[in-house]
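See below for structure20.cif, which holds mmCIF, C-alpha atoms.
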data_run
#
loop_
_atom_site.group_PDB
_atom_site.id
_atom_site.type_symbol
_atom_site.label_atom_id
_atom_site.label_comp_id
_atom_site.auth_asym_id
_atom_site.auth_seq_id
_atom_site.Cartn_x
_atom_site.Cartn_y
_atom_site.Cartn_z
ATOM 1 C CA MET A 116 -37.048 42.137 5.266
ATOM 2 C CA ALA A 117 -33.372 41.364 4.640
ATOM 3 C CA THR A 118 -32.507 38.430 2.405
ATOM 4 C CA ALA A 119 -29.452 36.200 2.615
ATOM 5 C CA SER A 120 -26.701 37.143 0.227
ATOM 6 C CA SER A 121 -25.700 34.530 -2.335
ATOM 7 C CA THR A 122 -22.087 35.406 -1.506
ATOM 8 C CA ALA A 123 -22.436 34.896 2.245
ATOM 9 C CA VAL A 124 -19.369 33.451 3.935
ATOM 10 C CA PRO A 125 -20.021 29.791 4.768
ATOM 11 C CA THR A 126 -20.056 28.638 8.360
ATOM 12 C CA LEU A 127 -16.557 27.495 9.281
ATOM 13 C CA ILE A 128 -15.579 25.154 12.091
ATOM 14 C CA GLY A 129 -12.717 26.763 13.937
ATOM 15 C CA SER A 130 -11.373 23.588 15.532
ATOM 16 C CA VAL A 131 -11.067 21.951 12.113
ATOM 17 C CA GLN A 132 -9.219 24.979 10.765
ATOM 18 C CA ARG A 133 -6.813 24.913 13.712
ATOM 19 C CA ALA A 134 -6.203 21.181 13.310
ATOM 20 C CA LEU A 135 -5.456 21.634 9.618
ATOM 21 C CA ARG A 136 -2.964 24.404 10.391
ATOM 22 C CA LEU A 137 -1.201 22.037 12.783
ATOM 23 C CA LEU A 138 -1.070 19.322 10.126
ATOM 24 C CA GLU A 139 0.402 21.812 7.673
ATOM 25 C CA ALA A 140 3.018 22.763 10.267
ATOM 26 C CA VAL A 141 3.924 19.097 10.818
ATOM 27 C CA GLY A 142 4.213 18.615 7.059
ATOM 28 C CA ALA A 143 6.807 21.373 6.866
ATOM 29 C CA HIS A 144 9.235 19.329 8.997
ATOM 30 C CA ARG A 145 10.445 16.062 7.500
ATOM 31 C CA ASP A 146 11.960 14.972 10.818
ATOM 32 C CA GLY A 147 9.079 16.222 12.944
ATOM 33 C CA ALA A 148 8.800 19.154 15.356
ATOM 34 C CA PRO A 149 7.891 19.599 19.051
ATOM 35 C CA ALA A 150 4.536 20.887 20.221
ATOM 36 C CA LYS A 151 5.788 24.357 21.148
ATOM 37 C CA GLN A 152 7.258 24.941 17.714
ATOM 38 C CA LEU A 153 4.129 23.642 15.969
ATOM 39 C CA ALA A 154 1.898 25.844 18.124
ATOM 40 C CA ARG A 155 3.997 28.873 17.255
ATOM 41 C CA GLU A 156 4.035 28.150 13.528
ATOM 42 C CA ALA A 157 0.287 27.450 13.464
ATOM 43 C CA GLY A 158 -0.434 30.619 15.454
ATOM 44 C CA LEU A 159 -2.182 28.736 18.264
ATOM 45 C CA PRO A 160 -2.084 28.995 22.050
ATOM 46 C CA LEU A 161 0.011 26.164 23.449
ATOM 47 C CA PRO A 162 -2.881 24.561 25.447
ATOM 48 C CA THR A 163 -5.036 24.499 22.314
ATOM 49 C CA ALA A 164 -2.205 23.007 20.288
ATOM 50 C CA TYR A 165 -1.612 20.304 22.903
ATOM 51 C CA HIS A 166 -5.299 19.343 22.880
ATOM 52 C CA LEU A 167 -5.433 19.116 19.090
ATOM 53 C CA LEU A 168 -2.126 17.250 18.869
ATOM 54 C CA ARG A 169 -3.360 14.653 21.342
ATOM 55 C CA THR A 170 -6.585 14.238 19.358
ATOM 56 C CA LEU A 171 -4.782 13.932 16.022
ATOM 57 C CA THR A 172 -2.379 11.413 17.529
ATOM 58 C CA HIS A 173 -5.227 9.367 19.002
ATOM 59 C CA GLU A 174 -6.925 9.246 15.565
ATOM 60 C CA GLY A 175 -3.714 8.154 13.849
ATOM 61 C CA TYR A 176 -3.088 11.305 11.816
ATOM 62 C CA LEU A 177 0.027 12.082 13.868
ATOM 63 C CA ARG A 178 2.483 10.069 15.897
ATOM 64 C CA ARG A 179 4.885 11.221 18.586
ATOM 65 C CA GLU A 180 8.463 9.981 18.599
ATOM 66 C CA ASN A 181 11.284 11.276 20.790
ATOM 67 C CA GLY A 182 9.364 14.404 21.685
ATOM 68 C CA VAL A 183 8.442 15.446 18.135
ATOM 69 C CA PHE A 184 5.271 14.981 16.091
ATOM 70 C CA LEU A 185 5.259 13.387 12.626
ATOM 71 C CA PHE A 186 2.564 12.245 10.224
ATOM 72 C CA GLY A 187 0.866 9.032 11.326
ATOM 73 C CA ALA A 188 -0.503 6.112 9.334
ATOM 74 C CA ALA A 189 -3.897 7.730 8.705
ATOM 75 C CA ALA A 190 -2.330 10.823 7.151
ATOM 76 C CA GLU A 191 0.064 8.692 5.097
ATOM 77 C CA ARG A 192 -2.864 6.687 3.732
ATOM 78 C CA LEU A 193 -4.482 9.897 2.544
ATOM 79 C CA VAL A 194 -1.298 10.854 0.713
ATOM 80 C CA ASP A 195 -0.855 7.362 -0.736
ATOM 81 C CA ASP A 196 -4.496 7.180 -1.881
ATOM 82 C CA GLY A 197 -4.148 10.562 -3.573
ATOM 83 C CA ALA A 198 -0.965 9.498 -5.316
ATOM 84 C CA LEU A 199 -2.577 6.226 -6.374
ATOM 85 C CA HIS A 200 -5.587 8.066 -7.788
ATOM 86 C CA SER A 201 -3.249 10.373 -9.700
ATOM 87 C CA ARG A 202 -1.231 7.449 -11.096
ATOM 88 C CA ARG A 203 -4.346 5.586 -12.157
ATOM 89 C CA GLY A 204 -5.657 8.713 -13.831
ATOM 90 C CA ALA A 205 -2.420 9.040 -15.790
ATOM 91 C CA MET A 206 -2.581 5.353 -16.657
ATOM 92 C CA ALA A 207 -6.157 5.652 -17.943
ATOM 93 C CA GLN A 208 -5.080 8.554 -20.144
ATOM 94 C CA SER A 209 -2.200 6.510 -21.522
ATOM 95 C CA LEU A 210 -4.456 3.546 -22.304
ATOM 96 C CA ALA A 211 -6.942 5.816 -24.066
ATOM 97 C CA ARG A 212 -4.146 7.350 -26.132
ATOM 98 C CA TRP A 213 -2.826 3.930 -27.144
ATOM 99 C CA ARG A 214 -6.345 2.773 -27.983
ATOM 100 C CA ASP A 215 -6.711 5.704 -30.366
ATOM 101 C CA ILE A 216 -3.266 5.206 -31.932
ATOM 102 C CA ILE A 217 -3.545 1.444 -32.371
ATOM 103 C CA GLY A 218 -7.277 1.193 -32.969
ATOM 104 C CA THR A 219 -7.891 -1.665 -30.535
ATOM 105 C CA PRO A 220 -9.066 -1.985 -26.939
ATOM 106 C CA VAL A 221 -6.122 -1.764 -24.516
ATOM 107 C CA TYR A 222 -6.011 -3.385 -21.070
ATOM 108 C CA CYS A 223 -3.671 -3.116 -18.091
ATOM 109 C CA ALA A 224 -3.487 -5.595 -15.205
ATOM 110 C CA VAL A 225 -1.225 -6.487 -12.298
ATOM 111 C CA TYR A 226 -0.691 -9.498 -10.081
ATOM 112 C CA ARG A 227 -1.177 -8.301 -6.527
ATOM 113 C CA GLU A 228 -1.507 -10.246 -3.284
ATOM 114 C CA GLY A 229 -1.984 -13.498 -5.123
ATOM 115 C CA GLU A 230 -4.670 -12.301 -7.511
ATOM 116 C CA ILE A 231 -4.985 -10.912 -11.026
ATOM 117 C CA GLU A 232 -6.363 -7.390 -10.943
ATOM 118 C CA LEU A 233 -7.516 -5.560 -14.050
ATOM 119 C CA LEU A 234 -6.608 -1.937 -13.368
ATOM 120 C CA ALA A 235 -8.132 -0.318 -16.440
ATOM 121 C CA ALA A 236 -9.348 -0.898 -19.965
ATOM 122 C CA ALA A 237 -9.816 1.597 -22.758
ATOM 123 C CA ASP A 238 -12.290 0.952 -25.559
ATOM 124 C CA THR A 239 -14.990 2.660 -27.602
ATOM 125 C CA PRO A 240 -18.381 1.573 -28.928
ATOM 126 C CA ALA A 241 -16.699 1.010 -32.281
ATOM 127 C CA VAL A 242 -13.923 -1.113 -30.729
ATOM 128 C CA PRO A 243 -15.436 -2.660 -27.571
ATOM 129 C CA ALA A 244 -13.430 -4.510 -24.947
ATOM 130 C CA VAL A 245 -13.959 -8.208 -24.399
ATOM 131 C CA GLU A 246 -16.976 -8.776 -22.192
ATOM 132 C CA GLU A 247 -16.095 -10.325 -18.826
ATOM 133 C CA TRP A 248 -18.423 -13.282 -19.026
ATOM 134 C CA ALA A 249 -16.337 -15.451 -16.651
ATOM 135 C CA PRO A 250 -14.610 -13.923 -13.583
ATOM 136 C CA PHE A 251 -11.477 -12.345 -14.989
ATOM 137 C CA ARG A 252 -9.307 -12.761 -11.881
ATOM 138 C CA GLU A 253 -10.160 -16.460 -11.615
ATOM 139 C CA THR A 254 -9.544 -17.350 -15.264
ATOM 140 C CA GLY A 255 -6.044 -16.019 -15.869
ATOM 141 C CA TYR A 256 -5.090 -19.320 -17.479
ATOM 142 C CA ALA A 257 -7.523 -18.584 -20.323
ATOM 143 C CA HIS A 258 -6.689 -15.023 -21.385
ATOM 144 C CA ALA A 259 -3.514 -13.464 -22.708
ATOM 145 C CA ILE A 260 -2.992 -10.867 -19.990
ATOM 146 C CA GLY A 261 -3.480 -13.490 -17.278
ATOM 147 C CA GLN A 262 -1.047 -15.884 -18.927
ATOM 148 C CA CYS A 263 1.441 -13.029 -19.274
ATOM 149 C CA LEU A 264 1.165 -12.260 -15.567
ATOM 150 C CA LEU A 265 1.428 -15.898 -14.531
ATOM 151 C CA SER A 266 4.516 -16.338 -16.726
ATOM 152 C CA GLN A 267 6.252 -13.647 -14.631
ATOM 153 C CA LEU A 268 5.758 -15.519 -11.338
ATOM 154 C CA ASP A 269 8.091 -18.062 -9.826
ATOM 155 C CA ASP A 270 6.996 -21.677 -9.812
ATOM 156 C CA LYS A 271 5.792 -21.608 -6.204
ATOM 157 C CA ALA A 272 3.565 -18.587 -6.803
ATOM 158 C CA ARG A 273 2.157 -20.141 -9.989
ATOM 159 C CA GLN A 274 1.341 -23.381 -8.231
ATOM 160 C CA ASP A 275 -0.325 -21.499 -5.394
ATOM 161 C CA HIS A 276 -2.441 -19.512 -7.846
ATOM 162 C CA LEU A 277 -3.551 -22.610 -9.704
ATOM 163 C CA ASP A 278 -4.344 -24.418 -6.454
ATOM 164 C CA ARG A 279 -6.837 -21.643 -5.757
ATOM 165 C CA HIS A 280 -8.005 -21.192 -9.355
ATOM 166 C CA PRO A 281 -7.838 -24.612 -11.075
ATOM 167 C CA VAL A 282 -7.667 -24.798 -14.854
ATOM 168 C CA GLN A 283 -11.146 -25.319 -16.285
ATOM 169 C CA PRO A 284 -11.414 -24.911 -20.077
ATOM 170 C CA LEU A 285 -13.773 -22.102 -21.010
ATOM 171 C CA THR A 286 -13.980 -22.806 -24.743
ATOM 172 C CA ARG A 287 -12.968 -25.643 -27.037
ATOM 173 C CA HIS A 288 -9.762 -23.676 -27.708
ATOM 174 C CA SER A 289 -8.750 -23.260 -24.043
ATOM 175 C CA VAL A 290 -5.732 -24.974 -22.523
ATOM 176 C CA ARG A 291 -7.012 -28.323 -21.304
ATOM 177 C CA ASP A 292 -5.268 -28.910 -17.997
ATOM 178 C CA ARG A 293 -2.734 -27.652 -15.478
ATOM 179 C CA ALA A 294 0.232 -29.542 -16.896
ATOM 180 C CA ALA A 295 -0.342 -28.121 -20.366
ATOM 181 C CA LEU A 296 -0.706 -24.616 -18.962
ATOM 182 C CA LEU A 297 2.489 -24.829 -16.916
ATOM 183 C CA ALA A 298 4.406 -26.069 -19.946
ATOM 184 C CA ARG A 299 3.081 -23.137 -21.960
ATOM 185 C CA LEU A 300 3.950 -20.621 -19.222
ATOM 186 C CA ARG A 301 7.504 -21.924 -18.914
ATOM 187 C CA ALA A 302 7.905 -21.685 -22.676
ATOM 188 C CA SER A 303 6.538 -18.121 -22.748
ATOM 189 C CA GLU A 304 8.851 -16.771 -20.022
ATOM 190 C CA HIS A 305 11.348 -15.629 -22.645
ATOM 191 C CA VAL A 306 8.984 -15.286 -25.589
ATOM 192 C CA GLN A 307 6.933 -12.179 -26.203
ATOM 193 C CA PRO A 308 4.187 -11.419 -26.814
ATOM 194 C CA VAL A 309 1.846 -13.930 -25.182
ATOM 195 C CA VAL A 310 -0.894 -14.717 -27.694
ATOM 196 C CA GLU A 311 -4.255 -16.316 -26.959
ATOM 197 C CA ARG A 312 -6.742 -17.332 -29.650
ATOM 198 C CA GLN A 313 -10.380 -17.782 -28.610
ATOM 199 C CA GLU A 314 -9.405 -19.333 -25.274
ATOM 200 C CA TYR A 315 -11.425 -16.890 -23.173
ATOM 201 C CA ALA A 316 -13.987 -15.616 -25.672
ATOM 202 C CA LEU A 317 -14.996 -17.154 -28.993
ATOM 203 C CA GLY A 318 -14.394 -14.868 -31.932
ATOM 204 C CA THR A 319 -11.628 -12.917 -30.184
ATOM 205 C CA VAL A 320 -7.829 -13.102 -30.226
ATOM 206 C CA CYS A 321 -5.594 -11.303 -27.749
ATOM 207 C CA ALA A 322 -1.941 -10.526 -27.149
ATOM 208 C CA ALA A 323 -0.151 -9.281 -24.027
ATOM 209 C CA ILE A 324 3.316 -8.019 -23.115
ATOM 210 C CA PRO A 325 4.915 -7.599 -19.684
ATOM 211 C CA ILE A 326 5.790 -4.134 -18.432
ATOM 212 C CA ALA A 327 8.196 -2.937 -15.760
ATOM 213 C CA ALA A 328 6.456 -2.068 -12.481
ATOM 214 C CA GLY A 329 9.059 -2.508 -9.764
ATOM 215 C CA PHE A 330 8.519 -5.814 -7.991
ATOM 216 C CA THR A 331 4.942 -6.122 -9.280
ATOM 217 C CA ALA A 332 4.097 -8.423 -12.179
ATOM 218 C CA ALA A 333 2.255 -6.257 -14.691
ATOM 219 C CA ALA A 334 1.109 -6.461 -18.293
ATOM 220 C CA VAL A 335 -0.751 -4.630 -21.019
ATOM 221 C CA ALA A 336 -2.811 -6.327 -23.699
ATOM 222 C CA ILE A 337 -4.960 -5.764 -26.757
ATOM 223 C CA SER A 338 -7.786 -7.703 -28.378
ATOM 224 C CA VAL A 339 -9.142 -7.893 -31.918
ATOM 225 C CA PRO A 340 -11.958 -9.848 -33.578
ATOM 226 C CA LEU A 341 -10.937 -13.194 -35.041
ATOM 227 C CA ASP A 342 -11.523 -11.966 -38.592
ATOM 228 C CA GLN A 343 -8.913 -9.234 -37.976
ATOM 229 C CA GLU A 344 -6.261 -11.542 -36.537
ATOM 230 C CA ASP A 345 -3.699 -10.318 -39.045
ATOM 231 C CA ARG A 346 -3.709 -6.990 -37.155
ATOM 232 C CA LEU A 347 -2.791 -8.555 -33.818
ATOM 233 C CA LEU A 348 0.997 -8.843 -33.952
ATOM 234 C CA PRO A 349 1.638 -5.485 -35.678
ATOM 235 C CA ALA A 350 -0.670 -3.821 -33.142
ATOM 236 C CA ILE A 351 1.001 -5.377 -30.096
ATOM 237 C CA GLU A 352 4.409 -4.415 -31.477
ATOM 238 C CA ARG A 353 3.209 -0.824 -31.811
ATOM 239 C CA LEU A 354 1.942 -0.988 -28.235
ATOM 240 C CA ARG A 355 5.343 -2.275 -27.077
ATOM 241 C CA ILE A 356 7.027 0.748 -28.684
ATOM 242 C CA GLU A 357 4.533 3.160 -27.109
ATOM 243 C CA VAL A 358 4.901 1.601 -23.668
ATOM 244 C CA SER A 359 8.697 1.600 -23.846
ATOM 245 C CA SER A 360 8.706 5.253 -24.822
ATOM 246 C CA LEU A 361 6.440 6.215 -21.934
ATOM 247 C CA LEU A 362 8.344 4.159 -19.376
ATOM 248 C CA ARG A 363 11.565 5.885 -20.381
ATOM 249 C CA SER A 364 9.927 9.232 -19.702
ATOM 250 C CA PHE A 365 9.061 8.130 -16.125
ATOM 251 C CA VAL A 366 5.464 9.235 -16.687
ATOM 252 C CA PHE A 367 3.685 5.895 -16.539
ATOM 253 C CA SER A 368 3.625 4.276 -13.098
ATOM 254 C CA ILE A 369 1.357 1.546 -11.833
ATOM 255 C CA SER A 370 3.150 0.792 -8.596
ATOM 256 C CA ILE A 371 0.568 -0.097 -6.029
#

Would it be possible to restate this file's structure as structure tokens?
Amino acid sequence: MATASSTAVPTLIGSVQRALRLLEAVGAHRDGAPAKQLAREAGLPLPTAYHLLRTLTHEGYLRRENGVFLFGAAAERLVDDGALHSRRGAMAQSLARWRDIIGTPVYCAVYREGEIELLAAADTPAVPAVEEWAPFRETGYAHAIGQCLLSQLDDKARQDHLDRHPVQPLTRHSVRDRAALLARLRASEHVQPVVERQEYALGTVCAAIPIAAGFTAAAVAISVPLDQEDRLLPAIERLRIEVSSLLRSFVFSISI
């Protein structure tokens, strides 16, 4: 009795293969191409190409403009998501490298669509990151990276953020009220780094610096135990140098 070979060719779906060839053909033309040309380049009969092009257009992977087919929103999202994944992977590698060089946890966050978003953090069991015991995005007034992000906003955006996330002291060291926070943020607009001492977590001090990310407010930060506070400013200065070097090389991008 014959047995199946472990190297048997897998079952392939011909219509999917033909659709992918059409997408590849569309991708070869920045300004789009008509159905007849795409059918020819994909090696498909014209009726088959028409059917697949209509289906891909209906699903949003293509769009037709002035008689030519171009990538649609669904295909562009796939490309954007892939690029975003690649950028975040590069960012995670950078944070891990800085963590190893500086010897502290390193964090990166952005202010997007009215909220603070922690993109990544790099730590080790020996140098753990600060535990998120209170919702990070809602307590930006109490941690260095949040204060650094808020200091980059205009007054209207700050007020809107604080309307939605009112100042509520988390520790006895936290800023006490909105007026005090706003005064601190205005003072820190031209002063770097932003330093926070036990305002979010007792026993921990943090520092953050802004980074260039197009029109997005962004920041990186470090944290150290309170008994190692003398390391904080030298470490954040080293991080500033590392970040500046990487930004100049056009390698590090967190554009969202």

task = Go through A:Arg273, A:Arg279, A:Arg312, A:His144 one by one, measure the shortest atom-to-atom distance of each to Leu300 (chain A) using all atoms listed in the file, and give the residue with the smallest value.
result =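 Residue with the minimum atom-to-atom distance to Leu300 (chain A): A:Arg273.
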
request  = Apply the PyMOL selection byres ((chain A and resi 290) around 12) to the file shown and report the selected residues as JSON, numbers by chain.
outcome  = {"A": [254, 255, 256, 257, 258, 259, 262, 281, 282, 283, 284, 285, 286, 287, 288, 289, 291, 292, 293, 294, 295, 296, 297, 298, 299, 300, 311, 312, 313, 314, 315]}

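Of the residues under consideration (A:Ala211, A:Leu185, A:Ala205, A:Val225), A:Ala211 shows the shortest atom-to-atom contact distance to Val242 (chain A) when counting only C-alpha atoms.
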
Result set, the PyMOL selection byres ((chain A and resi 263) around 7) on current file, as a VMD selection string = chain A and resid 259 to 262 264 to 267 309 323 to 325 334

File dump, residues just selected, C-alpha atoms, as a PDB file, in the frame of the given file:
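Below is the file that was written, selection16.pdb:
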ATOM      1  CA  ALA A 259      -3.514 -13.464 -22.708  1.00  0.00           C
ATOM      2  CA  ILE A 260      -2.992 -10.867 -19.990  1.00  0.00           C
ATOM      3  CA  GLY A 261      -3.480 -13.490 -17.278  1.00  0.00           C
ATOM      4  CA  GLN A 262      -1.047 -15.884 -18.927  1.00  0.00           C
ATOM      5  CA  LEU A 264       1.165 -12.260 -15.567  1.00  0.00           C
ATOM      6  CA  LEU A 265       1.428 -15.898 -14.531  1.00  0.00           C
ATOM      7  CA  SER A 266       4.516 -16.338 -16.726  1.00  0.00           C
ATOM      8  CA  GLN A 267       6.252 -13.647 -14.631  1.00  0.00           C
ATOM      9  CA  VAL A 309       1.846 -13.930 -25.182  1.00  0.00           C
ATOM     10  CA  ALA A 323      -0.151  -9.281 -24.027  1.00  0.00           C
ATOM     11  CA  ILE A 324       3.316  -8.019 -23.115  1.00  0.00           C
ATOM     12  CA  PRO A 325       4.915  -7.599 -19.684  1.00  0.00           C
ATOM     13  CA  ALA A 334       1.109  -6.461 -18.293  1.00  0.00           C
TER      14      ALA A 334
END

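Atom pair CA of Val183 (chain A) / CA of Ala148 (chain A) has a distance of 4.6 Å (rounded to one decimal).
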
task = Could you tell me how far CA of Ile231 (chain A) lies from CA of Glu247 (chain A), in Å and to one decimal?
result =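 Those two atoms sit 13.6 Å apart.
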
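We find CA of Pro308 (chain A) and CA of Ala236 (chain A) to be spaced 18.5 Å apart.
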
query = Could you write out as a list of chain:residue names the residues that the PyMOL selection byres ((chain A and resi 244) around 10) matches in the shown file?
reply =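 With the PyMOL selection byres ((chain A and resi 244) around 10) on this model, the match is A:Thr219, A:Pro220, A:Val221, A:Tyr222, A:Ala236, A:Ala237, A:Asp238, A:Thr239, A:Pro240, A:Ala241, A:Val242, A:Pro243, A:Val245, A:Glu246, A:Glu247, A:Ile337, A:Ser338, A:Val339.
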
request  = Find the residues near Leu234 (chain A): any atom within 9 Å, counting all atoms listed in the file, skip ones fewer than 2 places away on the same chain, and give them as an MDAnalysis selection string.
outcome  = chainID A and resid 203 206:207 222:225 232 236 369

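For the set A:Gly142, A:Gly158, A:Pro149, A:Pro340, the residue with the smallest atom-to-atom gap to Tyr176 (chain A) is A:Gly142, counting only C-alpha atoms.
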
What's around Gly229 (chain A) at 9 Å? Count only C-alpha atoms, leave out sequence neighbours fewer than 5 positions away in its own chain, and write the answer as a PDB file with C-alpha atoms, keeping the file's coordinate frame.
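Contents of the output file selection_35.pdb:
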ATOM      1  CA  ALA A 272       3.565 -18.587  -6.803  1.00  0.00           C
ATOM      2  CA  ASP A 275      -0.325 -21.499  -5.394  1.00  0.00           C
ATOM      3  CA  HIS A 276      -2.441 -19.512  -7.846  1.00  0.00           C
TER       4      HIS A 276
END

task = Identify which of the residues A:Asp345, A:Glu156, A:Glu174, A:Glu357 lies closest to Asp215 (chain A), counting all atoms listed in the file when measuring atom-to-atom distances.
result = A:Glu357

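If all atoms listed in the file are the atoms counted, then among A:Gly318, A:Asp278, A:Trp213, A:Ala235 the closest residue to Arg353 (chain A) is A:Trp213.
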
request  = Select, from A:Arg301, A:Thr163, A:Ser209, A:Val141, the residue with the minimum atom-to-atom distance to Arg179 (chain A), counting all atoms listed in the file.
outcome  = A:Val141

query = Hey, can you pull every residue with an atom no more than 10 Å from (-1.0, -3.9, -33.3), using only C-alpha atoms, and send it as a list in words?
reply =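 Here is the list of nearby residues: Ile216, Ile217, Gly218, Thr219, Ala322, Ile337, Ser338, Val339, Glu344, Asp345, Arg346, Leu347, Leu348, Pro349, Ala350, Ile351, Glu352, Arg353, Leu354 and Arg355 of chain A.
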